[in-house]
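*Asks:* Pasting model-v3.cif below, which is mmCIF, C-alpha atoms.
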data_my_file
#
loop_
_atom_site.label_atom_id
_atom_site.label_comp_id
_atom_site.auth_asym_id
_atom_site.auth_seq_id
_atom_site.Cartn_x
_atom_site.Cartn_y
_atom_site.Cartn_z
CA MET A 1064 133.55 273.56 -79.55
CA ASN A 1065 136.34 275.98 -78.69
CA LEU A 1066 137.08 275.51 -75.02
CA PRO A 1067 136.96 278.81 -73.09
CA SER A 1068 140.15 279.96 -71.40
CA PHE A 1069 140.86 278.93 -67.82
CA LYS A 1070 139.74 282.32 -66.46
CA GLU A 1071 136.63 282.27 -68.65
CA GLN A 1072 135.71 278.84 -67.30
CA PHE A 1073 136.26 280.01 -63.73
CA ALA A 1074 134.09 283.08 -64.36
CA ALA A 1075 131.32 281.05 -66.04
CA LEU A 1076 131.11 278.68 -63.08
CA ILE A 1077 130.80 281.60 -60.66
CA ALA A 1078 128.13 283.21 -62.84
CA ALA A 1079 125.94 280.09 -62.86
CA PRO A 1080 123.78 280.25 -59.70
CA SER A 1081 123.64 276.94 -57.82
CA VAL A 1082 122.62 277.67 -54.22
CA SER A 1083 121.50 274.68 -52.18
CA CYS A 1084 119.62 275.40 -48.99
CA THR A 1085 117.15 273.74 -46.64
CA GLN A 1086 114.92 276.82 -47.07
CA ALA A 1087 112.92 276.43 -50.28
CA HIS A 1088 112.97 280.12 -51.25
CA TRP A 1089 116.80 279.99 -51.48
CA ASP A 1090 117.21 276.55 -53.01
CA GLN A 1091 118.16 276.38 -56.71
CA THR A 1092 118.94 273.80 -59.36
CA ASN A 1093 122.57 273.11 -60.22
CA ARG A 1094 121.73 272.21 -63.82
CA ALA A 1095 123.64 275.17 -65.36
CA VAL A 1096 126.91 274.21 -63.64
CA ILE A 1097 126.59 270.56 -64.65
CA GLU A 1098 125.81 271.49 -68.26
CA LEU A 1099 128.85 273.78 -68.45
CA LEU A 1100 131.16 271.09 -67.09
CA SER A 1101 129.66 268.42 -69.35
CA SER A 1102 130.11 270.50 -72.49
CA TRP A 1103 133.72 271.38 -71.67
CA LEU A 1104 134.72 267.88 -70.65
CA GLU A 1105 133.00 266.20 -73.60
CA SER A 1106 134.94 268.51 -75.93
CA LEU A 1107 138.13 267.13 -74.36
CA GLY A 1108 137.07 263.54 -74.96
CA PHE A 1109 135.60 262.68 -71.57
CA ALA A 1110 132.56 260.39 -71.37
CA CYS A 1111 130.01 262.27 -69.27
CA GLU A 1112 127.25 260.66 -67.25
CA THR A 1113 124.63 262.84 -65.53
CA GLN A 1114 122.49 261.53 -62.69
CA GLU A 1115 119.36 263.36 -61.53
CA VAL A 1116 119.41 262.77 -57.78
CA THR A 1117 116.24 264.69 -56.97
CA PRO A 1118 114.19 266.98 -59.26
CA GLY A 1119 116.52 269.71 -60.56
CA LYS A 1120 119.58 268.34 -58.71
CA PHE A 1121 122.31 266.56 -60.65
CA ASN A 1122 125.57 264.68 -60.21
CA LEU A 1123 128.12 264.52 -63.02
CA LEU A 1124 130.65 261.73 -63.45
CA ALA A 1125 133.07 262.35 -66.32
CA SER A 1126 135.65 259.71 -67.21
CA TYR A 1127 138.74 259.62 -69.42
CA GLY A 1128 140.17 256.18 -69.94
CA SER A 1129 138.72 252.96 -68.60
CA GLY A 1130 139.40 250.01 -66.37
CA PRO A 1131 139.91 249.61 -62.62
CA GLY A 1132 142.06 251.86 -60.46
CA GLY A 1133 142.71 255.44 -61.42
CA LEU A 1134 141.97 258.75 -59.76
CA VAL A 1135 138.79 260.62 -58.82
CA LEU A 1136 138.99 264.41 -58.59
CA ALA A 1137 135.83 265.48 -56.82
CA GLY A 1138 133.93 268.50 -55.63
CA HIS A 1139 130.46 269.90 -55.12
CA SER A 1140 128.72 272.08 -57.65
CA ASP A 1141 126.55 274.03 -55.20
CA THR A 1142 127.16 277.05 -52.98
CA VAL A 1143 125.66 278.41 -49.79
CA PRO A 1144 123.13 281.27 -49.93
CA PHE A 1145 124.47 284.83 -50.04
CA ASP A 1146 123.47 288.35 -49.05
CA ALA A 1147 124.43 290.53 -52.00
CA ALA A 1148 124.13 293.70 -49.89
CA LEU A 1149 127.07 292.57 -47.74
CA TRP A 1150 129.37 291.98 -50.71
CA GLN A 1151 131.62 294.76 -52.00
CA THR A 1152 131.50 293.11 -55.46
CA ASP A 1153 128.89 291.16 -57.42
CA PRO A 1154 128.94 287.67 -55.86
CA LEU A 1155 128.03 286.07 -59.21
CA ARG A 1156 130.78 287.81 -61.15
CA LEU A 1157 134.46 286.90 -60.99
CA THR A 1158 136.30 290.01 -59.82
CA GLU A 1159 140.04 290.46 -59.31
CA VAL A 1160 140.99 292.52 -56.25
CA ASP A 1161 144.47 292.73 -54.70
CA GLY A 1162 145.71 289.42 -56.08
CA ARG A 1163 142.50 287.58 -55.25
CA TRP A 1164 139.67 286.20 -57.37
CA LEU A 1165 136.40 287.08 -55.63
CA GLY A 1166 133.10 285.38 -56.27
CA LEU A 1167 130.61 282.97 -54.72
CA GLY A 1168 132.12 279.49 -55.05
CA SER A 1169 135.62 280.72 -55.90
CA CYS A 1170 136.99 279.13 -52.72
CA ASP A 1171 134.18 276.72 -51.81
CA MET A 1172 134.44 275.32 -54.39
CA LYS A 1173 133.20 275.55 -57.99
CA GLY A 1174 136.48 277.10 -59.11
CA PHE A 1175 138.22 273.78 -58.42
CA PHE A 1176 136.69 272.28 -61.57
CA ALA A 1177 138.34 274.89 -63.81
CA LEU A 1178 141.67 274.06 -62.13
CA ILE A 1179 141.17 270.35 -62.87
CA ILE A 1180 140.53 271.07 -66.55
CA GLU A 1181 143.58 273.33 -66.72
CA ALA A 1182 145.70 270.58 -65.15
CA VAL A 1183 144.57 267.73 -67.39
CA GLN A 1184 144.55 269.38 -70.82
CA PRO A 1185 148.30 269.03 -71.59
CA LEU A 1186 148.20 265.34 -70.58
CA LEU A 1187 145.41 264.19 -72.89
CA ASP A 1188 147.75 263.36 -75.78
CA GLN A 1189 149.38 260.67 -73.63
CA PRO A 1190 147.97 257.16 -73.05
CA PHE A 1191 145.99 256.86 -69.81
CA LYS A 1192 146.84 253.47 -68.31
CA GLN A 1193 144.17 253.97 -65.67
CA PRO A 1194 141.14 256.27 -65.78
CA LEU A 1195 140.66 259.80 -64.54
CA LEU A 1196 137.19 260.50 -63.16
CA ILE A 1197 135.90 263.99 -62.47
CA LEU A 1198 132.98 264.03 -60.06
CA ALA A 1199 130.68 267.01 -59.46
CA THR A 1200 127.97 266.47 -56.84
CA CYS A 1201 124.83 268.32 -55.82
CA ASP A 1202 123.59 269.65 -52.47
CA GLU A 1203 126.77 269.20 -50.42
CA GLU A 1204 125.95 272.44 -48.59
CA SER A 1205 122.57 271.14 -47.42
CA SER A 1206 121.63 267.46 -47.46
CA MET A 1207 124.69 265.89 -49.17
CA SER A 1208 122.12 264.01 -51.26
CA GLY A 1209 124.49 263.78 -54.23
CA ALA A 1210 127.26 261.99 -52.35
CA ARG A 1211 124.74 259.86 -50.47
CA ALA A 1212 123.19 258.73 -53.76
CA LEU A 1213 126.60 257.64 -55.03
CA ALA A 1214 127.35 255.73 -51.83
CA ASP A 1215 123.91 254.08 -51.87
CA ALA A 1216 124.39 252.99 -55.49
CA GLY A 1217 127.62 251.29 -54.47
CA ARG A 1218 129.30 251.67 -57.85
CA PRO A 1219 133.10 251.48 -57.50
CA LEU A 1220 134.95 254.60 -58.63
CA GLY A 1221 138.75 254.96 -58.64
CA ARG A 1222 141.53 253.71 -56.42
CA ALA A 1223 142.07 257.17 -54.96
CA ALA A 1224 139.89 260.26 -54.57
CA VAL A 1225 140.88 263.86 -53.87
CA ILE A 1226 138.16 266.32 -52.86
CA GLY A 1227 139.10 269.94 -53.55
CA GLU A 1228 137.50 271.54 -50.50
CA PRO A 1229 139.37 274.57 -49.09
CA THR A 1230 142.38 273.31 -47.11
CA GLY A 1231 145.04 275.83 -48.14
CA LEU A 1232 146.73 273.13 -50.25
CA LYS A 1233 147.42 271.05 -47.14
CA PRO A 1234 146.29 267.41 -47.17
CA ILE A 1235 143.49 266.49 -44.75
CA ARG A 1236 142.93 262.86 -43.80
CA MET A 1237 140.48 263.27 -40.92
CA HIS A 1238 137.41 265.25 -39.97
CA LYS A 1239 134.66 265.02 -37.41
CA GLY A 1240 131.14 263.89 -38.20
CA ILE A 1241 128.09 266.14 -38.16
CA MET A 1242 124.85 265.29 -36.39
CA MET A 1243 122.05 267.85 -36.13
CA GLU A 1244 119.24 266.50 -33.97
CA ARG A 1245 115.89 267.56 -32.52
CA ILE A 1246 113.93 266.52 -29.43
CA ASP A 1247 110.23 267.42 -29.18
CA ILE A 1248 108.39 266.98 -25.89
CA LEU A 1249 104.60 266.98 -25.69
CA GLY A 1250 103.25 267.46 -22.18
CA GLN A 1251 99.91 268.69 -20.89
CA SER A 1252 99.11 272.37 -20.46
CA GLY A 1253 97.07 273.61 -17.52
CA HIS A 1254 96.63 276.50 -15.10
CA SER A 1255 99.90 277.32 -13.39
CA SER A 1256 98.22 277.69 -10.00
CA ASP A 1257 97.78 273.91 -9.74
CA PRO A 1258 100.68 271.72 -10.96
CA SER A 1259 98.44 268.64 -10.88
CA LEU A 1260 96.47 270.01 -13.85
CA GLY A 1261 99.29 269.39 -16.33
CA HIS A 1262 102.67 267.88 -17.13
CA SER A 1263 105.37 270.42 -17.91
CA ALA A 1264 107.24 269.81 -21.15
CA LEU A 1265 109.71 272.50 -20.11
CA GLU A 1266 110.66 270.76 -16.87
CA ALA A 1267 110.97 267.47 -18.72
CA MET A 1268 113.27 269.21 -21.21
CA GLN A 1269 115.41 270.46 -18.35
CA ALA A 1270 115.94 266.84 -17.35
CA VAL A 1271 116.67 265.90 -20.97
CA MET A 1272 119.33 268.59 -21.22
CA GLY A 1273 120.88 267.32 -18.02
CA GLU A 1274 121.15 263.83 -19.52
CA LEU A 1275 122.68 265.23 -22.73
CA GLN A 1276 125.24 267.17 -20.73
CA GLN A 1277 126.07 264.02 -18.75
CA LEU A 1278 126.52 262.05 -21.99
CA ARG A 1279 128.74 264.85 -23.30
CA ARG A 1280 130.99 264.58 -20.24
CA GLN A 1281 131.09 260.81 -20.64
CA TRP A 1282 132.00 260.96 -24.36
CA GLN A 1283 134.59 263.67 -23.84
CA ALA A 1284 136.26 261.57 -21.15
CA GLU A 1285 136.22 258.48 -23.38
CA TYR A 1286 137.23 259.95 -26.75
CA HIS A 1287 140.20 262.22 -27.44
CA ASN A 1288 142.20 262.90 -30.59
CA PRO A 1289 145.03 265.44 -30.29
CA GLN A 1290 145.23 265.93 -34.06
CA PHE A 1291 142.08 268.06 -33.88
CA THR A 1292 142.19 271.67 -32.67
CA VAL A 1293 139.24 270.72 -30.44
CA PRO A 1294 140.37 267.20 -29.51
CA GLN A 1295 137.10 266.01 -27.96
CA PRO A 1296 133.67 265.40 -29.47
CA THR A 1297 131.36 268.37 -28.94
CA LEU A 1298 127.66 268.64 -28.20
CA ASN A 1299 126.08 272.07 -28.51
CA LEU A 1300 122.56 272.81 -27.23
CA GLY A 1301 121.72 275.21 -30.02
CA CYS A 1302 118.15 276.43 -29.64
CA ILE A 1303 115.08 275.79 -27.50
CA HIS A 1304 111.45 276.84 -27.88
CA GLY A 1305 108.54 276.10 -25.58
CA GLY A 1306 105.48 277.38 -23.81
CA ASP A 1307 103.50 280.53 -24.44
CA ASN A 1308 102.66 282.30 -21.16
CA PRO A 1309 103.94 282.41 -17.57
CA ASN A 1310 100.58 281.37 -16.11
CA ARG A 1311 100.26 278.19 -18.19
CA ILE A 1312 101.98 274.89 -17.58
CA CYS A 1313 104.19 274.41 -20.61
CA GLY A 1314 102.57 271.87 -22.93
CA GLN A 1315 105.21 271.66 -25.64
CA CYS A 1316 108.97 272.19 -25.85
CA SER A 1317 111.51 271.63 -28.63
CA LEU A 1318 115.29 271.45 -28.52
CA GLU A 1319 117.77 271.35 -31.41
CA PHE A 1320 121.38 270.37 -30.85
CA ASP A 1321 124.58 269.72 -32.78
CA LEU A 1322 126.89 266.77 -32.11
CA ARG A 1323 130.36 266.47 -33.70
CA PRO A 1324 131.72 262.94 -33.21
CA LEU A 1325 135.38 262.01 -33.67
CA PRO A 1326 136.50 259.22 -36.00
CA GLY A 1327 135.68 255.95 -34.31
CA MET A 1328 132.34 257.22 -32.97
CA GLN A 1329 129.37 255.89 -34.93
CA PRO A 1330 126.30 258.17 -35.21
CA GLU A 1331 123.81 255.31 -34.83
CA VAL A 1332 125.52 254.20 -31.60
CA LEU A 1333 125.39 257.74 -30.21
CA ARG A 1334 121.71 258.03 -31.09
CA GLY A 1335 121.04 254.74 -29.36
CA ALA A 1336 122.71 256.03 -26.19
CA ILE A 1337 120.61 259.20 -26.27
CA GLN A 1338 117.40 257.25 -26.89
CA GLN A 1339 118.17 255.02 -23.91
CA ARG A 1340 118.38 258.08 -21.65
CA LEU A 1341 115.09 259.55 -22.91
CA LYS A 1342 112.72 256.66 -22.29
CA PRO A 1343 112.79 256.75 -18.45
CA LEU A 1344 112.44 260.54 -18.50
CA ALA A 1345 109.24 260.30 -20.54
CA GLU A 1346 107.80 257.91 -17.98
CA GLN A 1347 108.99 259.96 -15.02
CA HIS A 1348 107.52 263.24 -16.30
CA GLN A 1349 104.47 261.67 -17.97
CA VAL A 1350 105.21 263.28 -21.32
CA LYS A 1351 105.76 262.11 -24.88
CA ILE A 1352 109.32 262.51 -26.18
CA ASP A 1353 110.05 262.37 -29.91
CA TYR A 1354 113.70 262.23 -30.97
CA ALA A 1355 114.91 262.33 -34.58
CA PRO A 1356 117.71 263.79 -36.72
CA LEU A 1357 117.06 267.13 -38.39
CA PHE A 1358 119.20 265.89 -41.31
CA PRO A 1359 120.92 262.59 -42.07
CA SER A 1360 124.25 262.55 -40.26
CA VAL A 1361 127.62 262.94 -41.95
CA PRO A 1362 129.91 260.21 -40.60
CA PRO A 1363 133.34 261.03 -39.21
CA PHE A 1364 136.16 260.50 -41.71
CA GLU A 1365 139.62 259.03 -41.28
CA GLN A 1366 142.07 257.84 -43.93
CA ALA A 1367 144.99 255.78 -42.65
CA ALA A 1368 148.20 257.77 -42.24
CA ASP A 1369 150.19 255.18 -44.20
CA ALA A 1370 147.82 255.08 -47.19
CA GLU A 1371 149.53 255.50 -50.57
CA LEU A 1372 147.49 258.62 -51.39
CA VAL A 1373 148.36 260.24 -48.05
CA ARG A 1374 152.07 259.57 -48.51
CA LEU A 1375 152.01 260.90 -52.07
CA ALA A 1376 150.11 264.07 -51.12
CA GLU A 1377 152.48 264.74 -48.23
CA ARG A 1378 155.45 264.40 -50.56
CA LEU A 1379 153.93 266.66 -53.24
CA THR A 1380 152.76 269.39 -50.85
CA GLY A 1381 155.49 269.26 -48.21
CA HIS A 1382 152.83 269.17 -45.48
CA GLN A 1383 151.91 266.36 -43.11
CA ALA A 1384 148.29 265.26 -43.44
CA ALA A 1385 146.16 266.80 -40.72
CA ALA A 1386 142.60 267.04 -39.38
CA VAL A 1387 139.82 269.66 -39.72
CA ALA A 1388 136.59 270.35 -37.88
CA PHE A 1389 134.32 270.82 -40.90
CA GLY A 1390 132.58 267.95 -42.67
CA THR A 1391 132.96 266.86 -46.31
CA GLU A 1392 131.80 264.17 -48.72
CA ALA A 1393 134.96 262.15 -48.00
CA PRO A 1394 133.30 259.34 -45.98
CA TYR A 1395 130.92 258.60 -48.86
CA LEU A 1396 133.72 258.24 -51.42
CA GLN A 1397 135.65 256.15 -48.93
CA GLN A 1398 132.63 253.82 -48.70
CA LEU A 1399 133.05 253.18 -52.44
CA GLY A 1400 136.55 251.80 -51.95
CA CYS A 1401 138.60 254.93 -52.65
CA GLU A 1402 141.58 255.97 -50.59
CA THR A 1403 140.34 259.50 -49.91
CA LEU A 1404 141.90 262.84 -49.08
CA VAL A 1405 140.62 266.41 -48.82
CA LEU A 1406 142.98 268.83 -50.54
CA GLY A 1407 142.15 272.11 -52.24
CA PRO A 1408 143.45 275.64 -52.80
CA GLY A 1409 140.96 277.75 -50.87
CA ASP A 1410 140.98 278.88 -47.24
CA ILE A 1411 138.10 277.75 -45.05
CA ASP A 1412 138.27 281.02 -43.11
CA CYS A 1413 136.75 282.92 -46.04
CA ALA A 1414 134.20 280.28 -47.07
CA HIS A 1415 130.49 280.97 -46.47
CA GLN A 1416 131.22 284.69 -46.08
CA PRO A 1417 130.69 287.88 -48.11
CA GLY A 1418 133.75 288.53 -50.24
CA GLU A 1419 134.68 284.85 -50.62
CA PHE A 1420 137.94 284.64 -52.55
CA LEU A 1421 140.74 282.46 -53.88
CA GLU A 1422 144.30 283.72 -53.71
CA MET A 1423 145.66 283.94 -57.26
CA SER A 1424 149.03 282.77 -55.95
CA ARG A 1425 147.40 279.36 -55.33
CA LEU A 1426 146.28 278.85 -58.93
CA GLU A 1427 149.52 277.63 -60.49
CA PRO A 1428 150.58 275.47 -57.50
CA THR A 1429 147.17 273.78 -57.58
CA VAL A 1430 147.44 273.05 -61.29
CA ARG A 1431 150.92 271.57 -60.79
CA LEU A 1432 149.73 269.45 -57.86
CA LEU A 1433 146.71 268.09 -59.74
CA ARG A 1434 148.88 267.35 -62.77
CA GLU A 1435 151.29 265.31 -60.63
CA LEU A 1436 148.41 263.38 -59.06
CA ILE A 1437 146.99 262.58 -62.50
CA LYS A 1438 150.41 261.44 -63.72
CA SER A 1439 150.90 259.23 -60.65
CA TYR A 1440 147.53 257.49 -60.81
CA CYS A 1441 146.61 257.56 -64.49
CA LEU A 1442 149.73 257.84 -66.66
CA ASN A 1443 152.33 256.05 -64.55
CA PRO A 1444 150.43 254.04 -61.94
CA SER A 1445 152.55 252.29 -59.34
CA SER A 1446 152.80 248.54 -58.95
CA GLU A 1447 150.55 248.81 -55.89
CA GLN A 1448 147.61 249.77 -58.05
CA PRO A 1449 145.42 247.30 -59.98
CA LYS A 1450 146.19 246.92 -63.65
CA PRO A 1451 143.38 247.50 -66.19
#
Rewrite the structure of this file - the entire thing - as structure tokens.
*Replies:*
Amino acid sequence: MNLPSFKEQFAALIAAPSVSCTQAHWDQTNRAVIELLSSWLESLGFACETQEVTPGKFNLLASYGSGPGGLVLAGHSDTVPFDAALWQTDPLRLTEVDGRWLGLGSCDMKGFFALIIEAVQPLLDQPFKQPLLILATCDEESSMSGARALADAGRPLGRAAVIGEPTGLKPIRMHKGIMMERIDILGQSGHSSDPSLGHSALEAMQAVMGELQQLRRQWQAEYHNPQFTVPQPTLNLGCIHGGDNPNRICGQCSLEFDLRPLPGMQPEVLRGAIQQRLKPLAEQHQVKIDYAPLFPSVPPFEQAADAELVRLAERLTGHQAAAVAFGTEAPYLQQLGCETLVLGPGDIDCAHQPGEFLEMSRLEPTVRLLRELIKSYCLNPSSEQPKP
């Protein structure tokens, strides 16, 4: 096949809807994006392997060259939902406005795959001493099921992995974890004129929130990392629902909260600490307390500052590796033995918003950066890397 131009590839990726969402009416397959990437990469000589993670949801792993070591260039193929009425342009059409390419996924982050292809094409006539792997995952914006499936399979990938999430072309070696949790309390309703007729789920929840706030103070005193803009772990009591009328003892109450742990804080340990605080409250208030995650947690991520990939990215970009608050698939690739870094051309400030864009001035620098990474890991691998 004749490979479309770089801009045509970018536009085709934007035009292929691939929303992932916890709400079924928004959720879509990512098949069209994966098929586009497969056809383009196969035409360049890549071996493409597609994995159906859940019905209609696919990962793609495309490889050029073989053997151990090498480089993984990774990203997610899905986008968040959108409200077309709030966009000034068609969100599913690549539009150029004032030196920016607008479109859903231009920044976060389907456009990254077109940049990878643009970077690698001139290098394909040279021998690859170690492989290049291009990874496109599903459902990063919702369950991260694509990255989780890879981590669960345990199949080694490359020596190094770069995830092209929006970082303004600055290397990121740390981010917080993401835990979204729920607590449901079942009490006993009754007439409000006689408290002995029931057990208030709302009053029990008040005590639960007090314990969560106490744990938050404890964790924030214990953990601190000045590399983050918000250097402590955070716990946000996001929403609460309970009861139905002022003259009834509240029989049921639900709380949902968000916890962002720093690197070094393990989600299962935090959940254990919360569970330990809940049990005596259930007995004290004579209620049933059910505690569970709303979604599987995303672990915190930290790549060592002296890692080869970190040093190389700092040299190529001129920026010291830093930390961000948002979560990525980095911890899952790290679990597979990759030195991992988050580094991409978009700006997180415009992600998940109407009018999402990528500055055109970032296109050529990104291509040059990716080309240098491919040369370093695949064409001229250092002595530190394993030989095929």
*Asks:* Please indicate the distance in Å from CA of Arg1218 (chain A) to CA of Lys1120 (chain A), rounded to one decimal place.
*Replies:* 19.3 Å
*Asks:* On this file, the PyMOL selection byres ((chain A and resi 1392-1394) around 12) gives some set of residues; write that set as JSON, numbers by chain.
*Replies:* {"A": [1135, 1136, 1137, 1138, 1139, 1198, 1199, 1200, 1201, 1202, 1203, 1204, 1205, 1206, 1207, 1208, 1209, 1210, 1211, 1212, 1213, 1214, 1223, 1224, 1225, 1226, 1227, 1228, 1235, 1236, 1237, 1238, 1239, 1240, 1241, 1326, 1360, 1361, 1362, 1363, 1364, 1365, 1366, 1389, 1390, 1391, 1395, 1396, 1397, 1398, 1399, 1400, 1401, 1402, 1403, 1404, 1405, 1406]}
*Asks:* Report as a PDB file with C-alpha atoms, keeping the file's coordinate frame all protein, DNA and RNA residues lying within 8 Å of Thr1092 (chain A), evaluated on only C-alpha atoms, omitting residues in the same chain fewer than 5 positions from it.
*Replies:*
ATOM      1  CA  SER A1081     123.640 276.940 -57.820  1.00  0.00           C
ATOM      2  CA  VAL A1082     122.620 277.670 -54.220  1.00  0.00           C
ATOM      3  CA  SER A1083     121.500 274.680 -52.180  1.00  0.00           C
ATOM      4  CA  GLY A1119     116.520 269.710 -60.560  1.00  0.00           C
ATOM      5  CA  LYS A1120     119.580 268.340 -58.710  1.00  0.00           C
TER       6      LYS A1120
END
*Asks:* Which residues are near region 1340-1349 of chain A? Cut-off 8 Å, all atoms listed in the file, ignore same chain within fewer than 5 positions. Put them as a list in words.
*Replies:*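 Surrounding residues, per the criterion: Gly1250, His1262, Ser1263, Ala1267, Ala1270, Val1271 and Glu1274 of chain A.
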*Asks:* Nearest residue to Arg1156 (chain A) out of A:Val1143, A:Ala1376, A:Leu1298, A:Ala1078, using all atoms listed in the file?
*Replies:*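 Answer, going by the shortest atom-to-atom distance: A:Ala1078.
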*Asks:* Mind checking which residues fall within 7 Å of region 1163-1168 of chain A, counting only C-alpha atoms, ignoring those fewer than 6 positions away in the same chain, and posting them as a PyMOL selection string?
*Replies:* chain A and resi 1077+1142+1154-1157+1174+1418-1423
